[in-house]
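*Asks:* Data: coords.cif, mmCIF, C-alpha atoms and all ligand atoms.
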```cif
data_my_file
#
loop_
_atom_site.label_atom_id
_atom_site.label_comp_id
_atom_site.auth_asym_id
_atom_site.auth_seq_id
_atom_site.Cartn_x
_atom_site.Cartn_y
_atom_site.Cartn_z
CA MET A 1 -70.42 -53.59 4.41
CA ARG A 2 -70.98 -50.79 1.92
CA THR A 3 -68.35 -49.98 -0.66
CA THR A 4 -67.45 -46.68 -2.22
CA ILE A 5 -64.65 -44.95 -4.09
CA GLY A 6 -61.81 -43.29 -2.23
CA TRP A 7 -58.52 -41.61 -3.12
CA MET A 8 -55.78 -43.35 -1.21
CA SER A 9 -52.17 -42.59 -0.45
CA THR A 10 -49.84 -45.52 0.03
CA GLU A 11 -46.24 -45.41 1.21
CA GLY A 12 -46.37 -41.69 1.78
CA THR A 13 -46.98 -40.62 -1.80
CA THR A 14 -49.14 -37.65 -2.65
CA ALA A 15 -50.05 -39.32 -5.96
CA LEU A 16 -53.33 -40.68 -4.68
CA ARG A 17 -54.84 -43.81 -6.19
CA ARG A 18 -58.53 -44.28 -6.89
CA VAL A 19 -59.54 -47.38 -4.95
CA ARG A 20 -62.61 -49.15 -3.63
CA ILE A 21 -62.97 -48.79 0.12
CA GLU A 22 -65.45 -50.20 2.60
CA ARG A 23 -67.81 -48.23 4.77
CA ARG A 24 -69.62 -49.82 7.67
CA ASP A 25 -73.27 -50.73 7.51
CA LEU A 26 -75.31 -48.06 9.22
CA ARG A 27 -75.63 -48.30 12.99
CA ASP A 28 -78.77 -46.91 14.58
CA ASP A 29 -77.20 -43.48 15.06
CA ASP A 30 -75.34 -43.28 11.75
CA LEU A 31 -75.81 -41.24 8.61
CA ALA A 32 -74.57 -42.14 5.14
CA VAL A 33 -73.35 -38.98 3.45
CA ARG A 34 -72.63 -38.51 -0.23
CA VAL A 35 -69.48 -36.40 -0.16
CA ASP A 36 -69.84 -33.53 -2.59
CA TYR A 37 -66.89 -31.31 -1.61
CA CYS A 38 -63.83 -31.89 0.52
CA GLY A 39 -61.21 -29.35 1.56
CA VAL A 40 -57.51 -30.00 1.19
CA CYS A 41 -55.83 -29.49 4.57
CA HIS A 42 -52.16 -29.21 5.43
CA SER A 43 -52.79 -32.00 7.95
CA ASP A 44 -53.50 -34.28 5.01
CA LEU A 45 -49.89 -33.80 3.95
CA HIS A 46 -48.60 -34.36 7.49
CA ARG A 47 -50.47 -37.62 7.71
CA ILE A 48 -49.66 -38.77 4.17
CA GLY A 49 -46.05 -38.15 5.15
CA GLY A 50 -46.51 -40.70 7.91
CA LEU A 51 -46.51 -38.33 10.88
CA LEU A 52 -48.39 -40.85 12.96
CA GLY A 53 -47.01 -43.87 11.20
CA GLU A 54 -49.85 -44.90 8.94
CA GLY A 55 -49.34 -46.55 5.56
CA ALA A 56 -52.42 -46.57 3.37
CA LEU A 57 -54.62 -43.58 4.01
CA VAL A 58 -57.60 -41.81 2.50
CA PRO A 59 -57.22 -38.22 3.74
CA GLY A 60 -59.83 -35.47 3.92
CA HIS A 61 -61.44 -34.16 7.11
CA GLU A 62 -63.48 -31.15 6.09
CA PHE A 63 -66.30 -32.04 3.77
CA THR A 64 -69.84 -31.22 2.85
CA GLY A 65 -72.42 -33.45 1.27
CA THR A 66 -75.93 -34.80 1.27
CA VAL A 67 -77.52 -37.41 3.53
CA THR A 68 -78.47 -40.51 1.56
CA ALA A 69 -79.55 -42.84 4.38
CA VAL A 70 -80.14 -42.66 8.13
CA GLY A 71 -79.97 -45.22 10.94
CA ALA A 72 -83.10 -46.36 12.78
CA ALA A 73 -82.61 -44.04 15.77
CA VAL A 74 -81.67 -40.88 13.87
CA THR A 75 -84.19 -38.07 14.39
CA ALA A 76 -82.23 -34.89 13.64
CA PHE A 77 -81.44 -35.67 10.00
CA SER A 78 -83.37 -36.88 7.00
CA VAL A 79 -82.41 -38.14 3.57
CA GLY A 80 -81.63 -35.14 1.37
CA ASP A 81 -80.35 -32.90 4.17
CA ARG A 82 -77.20 -30.93 3.40
CA VAL A 83 -74.55 -31.57 6.03
CA ALA A 84 -70.96 -30.79 6.92
CA VAL A 85 -68.44 -32.99 8.74
CA GLY A 86 -65.17 -31.94 10.32
CA THR A 87 -62.13 -33.54 11.89
CA VAL A 88 -63.77 -35.60 14.65
CA VAL A 89 -66.34 -38.33 14.01
CA ASP A 90 -66.78 -39.87 17.47
CA SER A 91 -65.76 -39.56 21.11
CA CYS A 92 -66.63 -41.14 24.45
CA GLY A 93 -69.45 -38.67 25.05
CA VAL A 94 -69.23 -38.82 28.85
CA CYS A 95 -65.87 -37.40 29.95
CA GLU A 96 -65.51 -33.85 31.19
CA MET A 97 -64.28 -32.60 27.81
CA CYS A 98 -67.09 -34.25 25.89
CA ARG A 99 -69.67 -32.89 28.32
CA ILE A 100 -68.58 -29.32 27.71
CA GLY A 101 -68.53 -29.73 23.95
CA GLN A 102 -64.76 -30.06 23.59
CA GLU A 103 -64.85 -33.54 22.10
CA ASN A 104 -61.57 -32.83 20.32
CA PHE A 105 -59.94 -33.13 23.77
CA CYS A 106 -61.90 -36.25 24.79
CA TYR A 107 -59.95 -38.01 27.53
CA GLU A 108 -60.29 -41.30 25.68
CA GLY A 109 -59.11 -39.62 22.49
CA PRO A 110 -61.44 -38.42 19.77
CA VAL A 111 -61.94 -40.61 16.72
CA THR A 112 -60.45 -38.63 13.89
CA THR A 113 -62.13 -38.55 10.49
CA TYR A 114 -59.24 -40.41 8.90
CA GLY A 115 -56.44 -42.45 10.39
CA GLY A 116 -58.49 -42.90 13.56
CA THR A 117 -59.73 -46.06 15.24
CA ASP A 118 -63.45 -46.66 15.34
CA ARG A 119 -64.66 -46.99 18.93
CA VAL A 120 -67.06 -49.84 18.15
CA ASP A 121 -65.34 -52.19 15.72
CA GLY A 122 -61.71 -51.03 15.88
CA THR A 123 -61.44 -50.40 12.15
CA ARG A 124 -59.28 -47.62 10.73
CA THR A 125 -61.21 -44.56 9.63
CA GLN A 126 -60.78 -43.38 6.05
CA GLY A 127 -61.47 -39.78 5.16
CA GLY A 128 -63.52 -37.59 2.93
CA TYR A 129 -61.55 -37.90 -0.29
CA SER A 130 -64.26 -40.38 -1.14
CA ARG A 131 -67.74 -40.63 -2.57
CA GLU A 132 -69.45 -41.70 0.63
CA TYR A 133 -68.79 -41.37 4.35
CA VAL A 134 -70.66 -43.01 7.22
CA VAL A 135 -70.71 -40.83 10.32
CA ARG A 136 -72.35 -40.88 13.73
CA ASP A 137 -75.17 -38.32 13.75
CA ARG A 138 -73.71 -36.29 16.65
CA PHE A 139 -70.73 -35.40 14.49
CA ALA A 140 -72.58 -34.18 11.42
CA TYR A 141 -73.82 -30.61 11.20
CA HIS A 142 -76.66 -29.12 9.23
CA LEU A 143 -75.45 -26.82 6.50
CA PRO A 144 -77.47 -23.57 6.65
CA ASP A 145 -79.54 -22.69 3.59
CA GLY A 146 -77.76 -20.31 1.29
CA LEU A 147 -74.28 -21.39 2.34
CA ASP A 148 -72.33 -22.60 -0.65
CA GLN A 149 -71.32 -26.25 -0.18
CA ALA A 150 -67.95 -25.88 -1.82
CA ALA A 151 -67.01 -22.75 0.10
CA ALA A 152 -68.25 -24.21 3.38
CA ALA A 153 -66.10 -27.37 3.30
CA PRO A 154 -62.82 -25.69 4.40
CA LEU A 155 -64.64 -24.06 7.30
CA MET A 156 -64.87 -27.46 8.99
CA CYS A 157 -61.16 -27.61 9.81
CA ALA A 158 -59.28 -24.49 8.73
CA GLY A 159 -62.26 -22.30 9.56
CA VAL A 160 -62.96 -23.60 13.05
CA THR A 161 -59.25 -23.61 13.86
CA VAL A 162 -59.13 -19.83 13.55
CA TRP A 163 -62.73 -19.15 14.54
CA GLU A 164 -62.40 -20.67 18.02
CA PRO A 165 -59.56 -18.42 19.23
CA LEU A 166 -61.23 -15.37 17.72
CA ARG A 167 -64.45 -16.08 19.59
CA THR A 168 -62.73 -17.21 22.79
CA ALA A 169 -60.79 -13.93 22.83
CA GLY A 170 -63.98 -11.96 22.32
CA ILE A 171 -62.71 -10.35 19.15
CA GLY A 172 -65.01 -7.67 17.75
CA PRO A 173 -65.09 -4.00 16.79
CA GLY A 174 -62.10 -2.21 18.32
CA SER A 175 -59.98 -5.37 18.60
CA ARG A 176 -56.58 -5.43 16.99
CA VAL A 177 -55.78 -8.83 15.52
CA ALA A 178 -52.60 -9.95 13.80
CA VAL A 179 -52.53 -12.98 11.54
CA ALA A 180 -49.13 -14.51 10.93
CA GLY A 181 -49.00 -16.31 7.60
CA LEU A 182 -51.43 -15.89 4.74
CA GLY A 183 -51.96 -19.48 3.63
CA GLY A 184 -55.12 -21.54 4.14
CA LEU A 185 -55.63 -20.80 7.83
CA GLY A 186 -54.36 -17.25 7.59
CA HIS A 187 -56.63 -16.48 4.67
CA LEU A 188 -59.68 -17.50 6.68
CA GLY A 189 -58.35 -15.87 9.86
CA VAL A 190 -58.08 -12.50 8.14
CA LYS A 191 -61.55 -12.75 6.62
CA LEU A 192 -63.26 -13.90 9.79
CA ALA A 193 -61.51 -11.36 12.05
CA ALA A 194 -62.33 -8.54 9.64
CA GLU A 195 -65.98 -9.65 9.46
CA LEU A 196 -66.10 -9.60 13.26
CA GLY A 197 -65.12 -5.93 13.05
CA ALA A 198 -61.48 -6.19 14.12
CA GLU A 199 -58.62 -4.15 12.72
CA VAL A 200 -56.49 -6.85 11.09
CA THR A 201 -52.78 -6.81 10.33
CA VAL A 202 -51.01 -9.57 8.42
CA LEU A 203 -47.56 -10.58 9.69
CA SER A 204 -45.55 -11.99 6.84
CA ARG A 205 -42.12 -13.50 6.33
CA THR A 206 -42.05 -12.64 2.65
CA PRO A 207 -42.79 -9.39 0.83
CA GLY A 208 -45.56 -9.17 -1.72
CA LYS A 209 -48.47 -10.25 0.48
CA ALA A 210 -49.84 -6.76 1.08
CA GLY A 211 -52.14 -6.78 -1.95
CA ASP A 212 -53.78 -10.10 -1.07
CA ALA A 213 -53.94 -9.18 2.62
CA HIS A 214 -55.77 -5.96 1.80
CA LYS A 215 -58.21 -7.73 -0.50
CA LEU A 216 -59.10 -10.16 2.29
CA GLY A 217 -59.81 -7.33 4.73
CA ALA A 218 -56.48 -6.52 6.42
CA VAL A 219 -55.57 -2.87 6.96
CA ASP A 220 -51.82 -3.38 7.32
CA THR A 221 -48.98 -5.81 6.64
CA LEU A 222 -45.81 -6.11 8.74
CA MET A 223 -42.64 -8.03 7.96
CA ILE A 224 -41.82 -10.36 10.86
CA GLY A 225 -38.14 -10.32 10.00
CA ASP A 226 -37.88 -6.54 10.13
CA ASP A 227 -36.86 -5.63 13.69
CA GLN A 228 -37.80 -1.99 13.25
CA GLN A 229 -41.31 -2.89 12.16
CA THR A 230 -41.88 -5.40 14.96
CA GLN A 231 -40.41 -3.00 17.50
CA ARG A 232 -42.81 -0.29 16.42
CA ALA A 233 -45.68 -2.76 16.86
CA ARG A 234 -44.63 -3.75 20.39
CA GLY A 235 -47.70 -4.65 22.47
CA ARG A 236 -50.05 -3.66 19.69
CA PHE A 237 -52.21 -6.75 19.16
CA ASP A 238 -54.99 -8.14 21.32
CA LEU A 239 -54.66 -11.50 19.59
CA ILE A 240 -52.08 -13.00 17.28
CA LEU A 241 -53.15 -15.96 15.19
CA ASP A 242 -50.00 -17.77 14.22
CA THR A 243 -50.75 -19.91 11.18
CA ILE A 244 -47.25 -20.33 9.77
CA PRO A 245 -46.93 -24.05 8.92
CA ALA A 246 -43.23 -24.44 9.68
CA ALA A 247 -40.88 -24.04 12.62
CA HIS A 248 -40.10 -20.38 13.25
CA ASP A 249 -38.99 -17.97 15.95
CA LEU A 250 -41.93 -16.92 18.10
CA SER A 251 -40.19 -14.04 19.86
CA PRO A 252 -41.13 -11.31 17.36
CA LEU A 253 -44.77 -12.39 17.68
CA LEU A 254 -44.71 -12.45 21.46
CA ARG A 255 -43.21 -8.97 21.47
CA MET A 256 -46.19 -7.66 19.56
CA ALA A 257 -48.83 -9.23 21.85
CA ALA A 258 -50.58 -6.80 24.17
CA LEU A 259 -50.00 -7.00 27.92
CA ASP A 260 -52.66 -9.23 29.49
CA GLY A 261 -54.07 -9.86 26.06
CA PRO A 262 -54.89 -13.41 25.01
CA SER A 263 -51.89 -15.58 24.20
CA PRO A 264 -50.94 -16.00 20.61
CA CYS A 265 -52.61 -19.03 19.13
CA SER A 266 -50.07 -21.23 17.48
CA ALA A 267 -51.69 -23.47 14.92
CA THR A 268 -48.33 -25.01 14.15
CA PRO A 269 -45.67 -26.25 14.07
CA TRP A 270 -45.79 -29.77 15.26
CA SER A 271 -43.42 -32.53 14.48
CA ARG A 272 -43.04 -36.24 14.99
CA ARG A 273 -41.01 -35.40 18.09
CA SER A 274 -43.43 -32.91 19.60
CA GLY A 275 -46.47 -34.96 18.58
CA SER A 276 -50.11 -34.26 19.09
CA SER A 277 -49.77 -33.12 22.71
CA THR A 278 -48.03 -29.99 21.49
CA TRP A 279 -50.76 -29.50 18.98
CA SER A 280 -53.40 -29.83 21.65
CA ARG A 281 -51.68 -27.38 23.93
CA ALA A 282 -51.29 -24.96 21.09
CA ALA A 283 -54.94 -25.27 20.23
CA ARG A 284 -55.90 -24.48 23.79
CA SER A 285 -53.58 -21.53 24.24
ZN ZN A 301 -57.37 -30.04 8.76
ZN ZN A 302 -64.80 -37.98 26.02
#
```
Would it be possible to restate this file's structure as structure tokens?

*Replies:*
Amino acid sequence: MRTTIGWMSTEGTTALRRVRIERRDLRDDDLAVRVDYCGVCHSDLHRIGGLLGEGALVPGHEFTGTVTAVGAAVTAFSVGDRVAVGTVVDSCGVCEMCRIGQENFCYEGPVTTYGGTDRVDGTRTQGGYSREYVVRDRFAYHLPDGLDQAAAAPLMCAGVTVWEPLRTAGIGPGSRVAVAGLGGLGHLGVKLAAELGAEVTVLSRTPGKAGDAHKLGAVDTLMIGDDQQTQRARGRFDLILDTIPAAHDLSPLLRMAALDGPSPCSATPWSRRSGSSTWSRAARS
């Protein structure tokens, strides 16, 4: 076993403790990655809060770093390569979902970067709030030259969460996209949609977001709770990215979705009762 430093939550506290954790010895298709930057995701809080029942947990599932060692069969990576790792670190590799590149929906269940169960030895995975991570090569990604490591880390969860629906919906110049919520996901959703050429509107529950929304690339801000505003925007948006991280009424958003346009993508909410199946369905919608 290898050992490294991790930041661990126990008993649901967000006051993480610096502890020594074990990483597996490299398998033939493994990389050892020195973790340089790790994003802080709202899911970390869900899981620290015991959503899936875990006790001790090292969170962190969007990180960038540098390869420090490679297994005997690794050909796509070398020591010194800059890499990024996201929320999934293994899957069955043969089911229909894995074959089409949707390993996050693997029928046997993807191995999540933390709080997951390793497919080979059954150990609990511990995340990227640590100095080193050992990951199967298929689930590490080369970081393009020129891309800032710190800025790229949040793209591996928050970024892909909003990028996938934007691309699936074919968003580009002429598209009208609404982003509900301007937190971590919403922030990236606005920037990415604007860069794709869409006309972006931020849907907010609280006033005072217009300045930030504009700076990120939005052309307009609407108050979800204002019936007159939502009525005026009836059917306006080709895609609505719903990134509000709490239970809320979806009807104003649905009213603003265009006829036959892609369904709103609800990134949240999910609860202990609704569980991950709701999350999966939301991610697919
Ligand atoms: Zn995340
Ligand atoms: Zn699979």

*Asks:* To one decimal place, how far is atom CA of A:Ile100 from atom CA of A:Ala151 in Å?

*Replies:*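 These atoms are spaced 28.4 Å apart.
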
*Asks:* Fewer than 2 positions away in the same chain doesn't count, so skip those; otherwise give me all residues within 7 Å of A:Gly217, counting only C-alpha atoms, as a PyMOL selection string.

*Replies:* chain A and resi 190-191+194+213-215+219

*Asks:* I need the chosen residues saved as a compact mmCIF listing (two decimals), in the frame of the given file, with C-alpha atoms.

*Replies:*
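Dumped to out_4.txt:
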```txt
# COMPACT_ATOMS: atom_id res chain seq x y z
CA VAL A 190 -58.08 -12.50 8.14
CA LYS A 191 -61.55 -12.75 6.62
CA ALA A 194 -62.33 -8.54 9.64
CA ALA A 213 -53.94 -9.18 2.62
CA HIS A 214 -55.77 -5.96 1.80
CA LYS A 215 -58.21 -7.73 -0.50
CA VAL A 219 -55.57 -2.87 6.96
```

*Asks:* As a VMD selection string, please: the residues near stretch 65-77 of chain A (cut-off 12 Å, all atoms listed in the file, same-chain neighbours under 4 positions excluded).

*Replies:* chain A and resid 2 24 to 39 81 to 86 128 to 143 148 to 150 152 to 153

*Asks:* For chain A against ligand ZN 301 (chain A), with a cut-off of 6 Å and counting all atoms listed in the file, what is the closest atom pair and its distance in Å to one decimal for every residue that makes the cut, ordered by chain and number, as JSON lines?

*Replies:*
```
{"residue": "A:Cys41", "atom": "CA", "partner": "A:ZN301", "partner_atom": "ZN", "distance": 4.5}
{"residue": "A:Ser43", "atom": "CA", "partner": "A:ZN301", "partner_atom": "ZN", "distance": 5.0}
{"residue": "A:Cys157", "atom": "CA", "partner": "A:ZN301", "partner_atom": "ZN", "distance": 4.6}
{"residue": "A:Ala158", "atom": "CA", "partner": "A:ZN301", "partner_atom": "ZN", "distance": 5.9}
```

*Asks:* Using only C-alpha atoms, which of the listed residues (A:Gln102, A:Leu222, A:Leu239, A:Gly197) sits closest to A:Leu166?

*Replies:* A:Leu239

*Asks:* Around all the atoms of stretch 173-190 of chain A listed in the file, draw an axis-aligned box and extend it by 8 Å on each of the six sides; I want its centre and edge lengths in Å to one decimal, as JSON.

*Replies:*
```
{"center_x": -57.0, "center_y": -11.9, "center_z": 11.1, "size_x": 32.1, "size_y": 35.3, "size_z": 31.0}
```

*Asks:* From the options A:Thr230, A:Thr123, A:Thr14, A:Ser251, which residue's atoms come nearest to A:Pro59, counting all atoms listed in the file?

*Replies:*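 Looking only at the distances to A:Pro59, the closest residue turns out to be A:Thr14.
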
*Asks:* Go through the chains and note each residue within 7 Å of ligand ZN 302 (chain A), using only C-alpha atoms and all ligand atoms, then give the set as number ranges by chain.

*Replies:* A: 91-98, 103, 106-109

*Asks:* What does the distance from atom CA of A:Thr201 to atom CA of A:Glu62 come to in Å, to one decimal?

*Replies:*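 That distance, rounded to one decimal, is 26.9 Å.
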
*Asks:* Between A:Glu164, A:Val58, A:His42, A:Arg23, which one has atoms that come closest to A:Glu11, using only C-alpha atoms?

*Replies:* A:Val58

*Asks:* Please measure the separation of atom CA of A:Ser78 and atom CA of A:Thr161, giving the value in Å to one decimal.

*Replies:*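 Going from atom CA of A:Ser78 over to atom CA of A:Thr161 covers 28.4 Å.
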
*Asks:* For stretch 180-182 of chain A, please output as a PyMOL selection string all residues within 9 Å (counting all atoms listed in the file; exclusion window: fewer than 2 positions along the same chain).

*Replies:* chain A and resi 178+184-190+201-205+209+212-213+224+240-245+253

*Asks:* Quick one: residues within 10 Å of A:Met8, all atoms listed in the file counted, chain neighbours fewer than 6 positions away excluded, as a PDB file with C-alpha atoms, in the coordinates of the input?

*Replies:*
```pdb
ATOM      1  CA  THR A  14     -49.140 -37.650  -2.650  1.00  0.00           C
ATOM      2  CA  ALA A  15     -50.050 -39.320  -5.960  1.00  0.00           C
ATOM      3  CA  LEU A  16     -53.330 -40.680  -4.680  1.00  0.00           C
ATOM      4  CA  ARG A  17     -54.840 -43.810  -6.190  1.00  0.00           C
ATOM      5  CA  ARG A  18     -58.530 -44.280  -6.890  1.00  0.00           C
ATOM      6  CA  VAL A  19     -59.540 -47.380  -4.950  1.00  0.00           C
ATOM      7  CA  ARG A  20     -62.610 -49.150  -3.630  1.00  0.00           C
ATOM      8  CA  ILE A  21     -62.970 -48.790   0.120  1.00  0.00           C
ATOM      9  CA  ILE A  48     -49.660 -38.770   4.170  1.00  0.00           C
ATOM     10  CA  GLY A  55     -49.340 -46.550   5.560  1.00  0.00           C
ATOM     11  CA  ALA A  56     -52.420 -46.570   3.370  1.00  0.00           C
ATOM     12  CA  LEU A  57     -54.620 -43.580   4.010  1.00  0.00           C
ATOM     13  CA  VAL A  58     -57.600 -41.810   2.500  1.00  0.00           C
ATOM     14  CA  PRO A  59     -57.220 -38.220   3.740  1.00  0.00           C
ATOM     15  CA  GLN A 126     -60.780 -43.380   6.050  1.00  0.00           C
ATOM     16  CA  GLY A 127     -61.470 -39.780   5.160  1.00  0.00           C
ATOM     17  CA  TYR A 129     -61.550 -37.900  -0.290  1.00  0.00           C
ATOM     18  CA  SER A 130     -64.260 -40.380  -1.140  1.00  0.00           C
TER      19      SER A 130
END
```

*Asks:* Find the residues near A:Thr112: any atom within 10 Å, counting only C-alpha atoms, skip ones fewer than 5 places away on the same chain, and give them as a PyMOL selection string.

*Replies:* chain A and resi 61+86-91+104+117-118+124-127
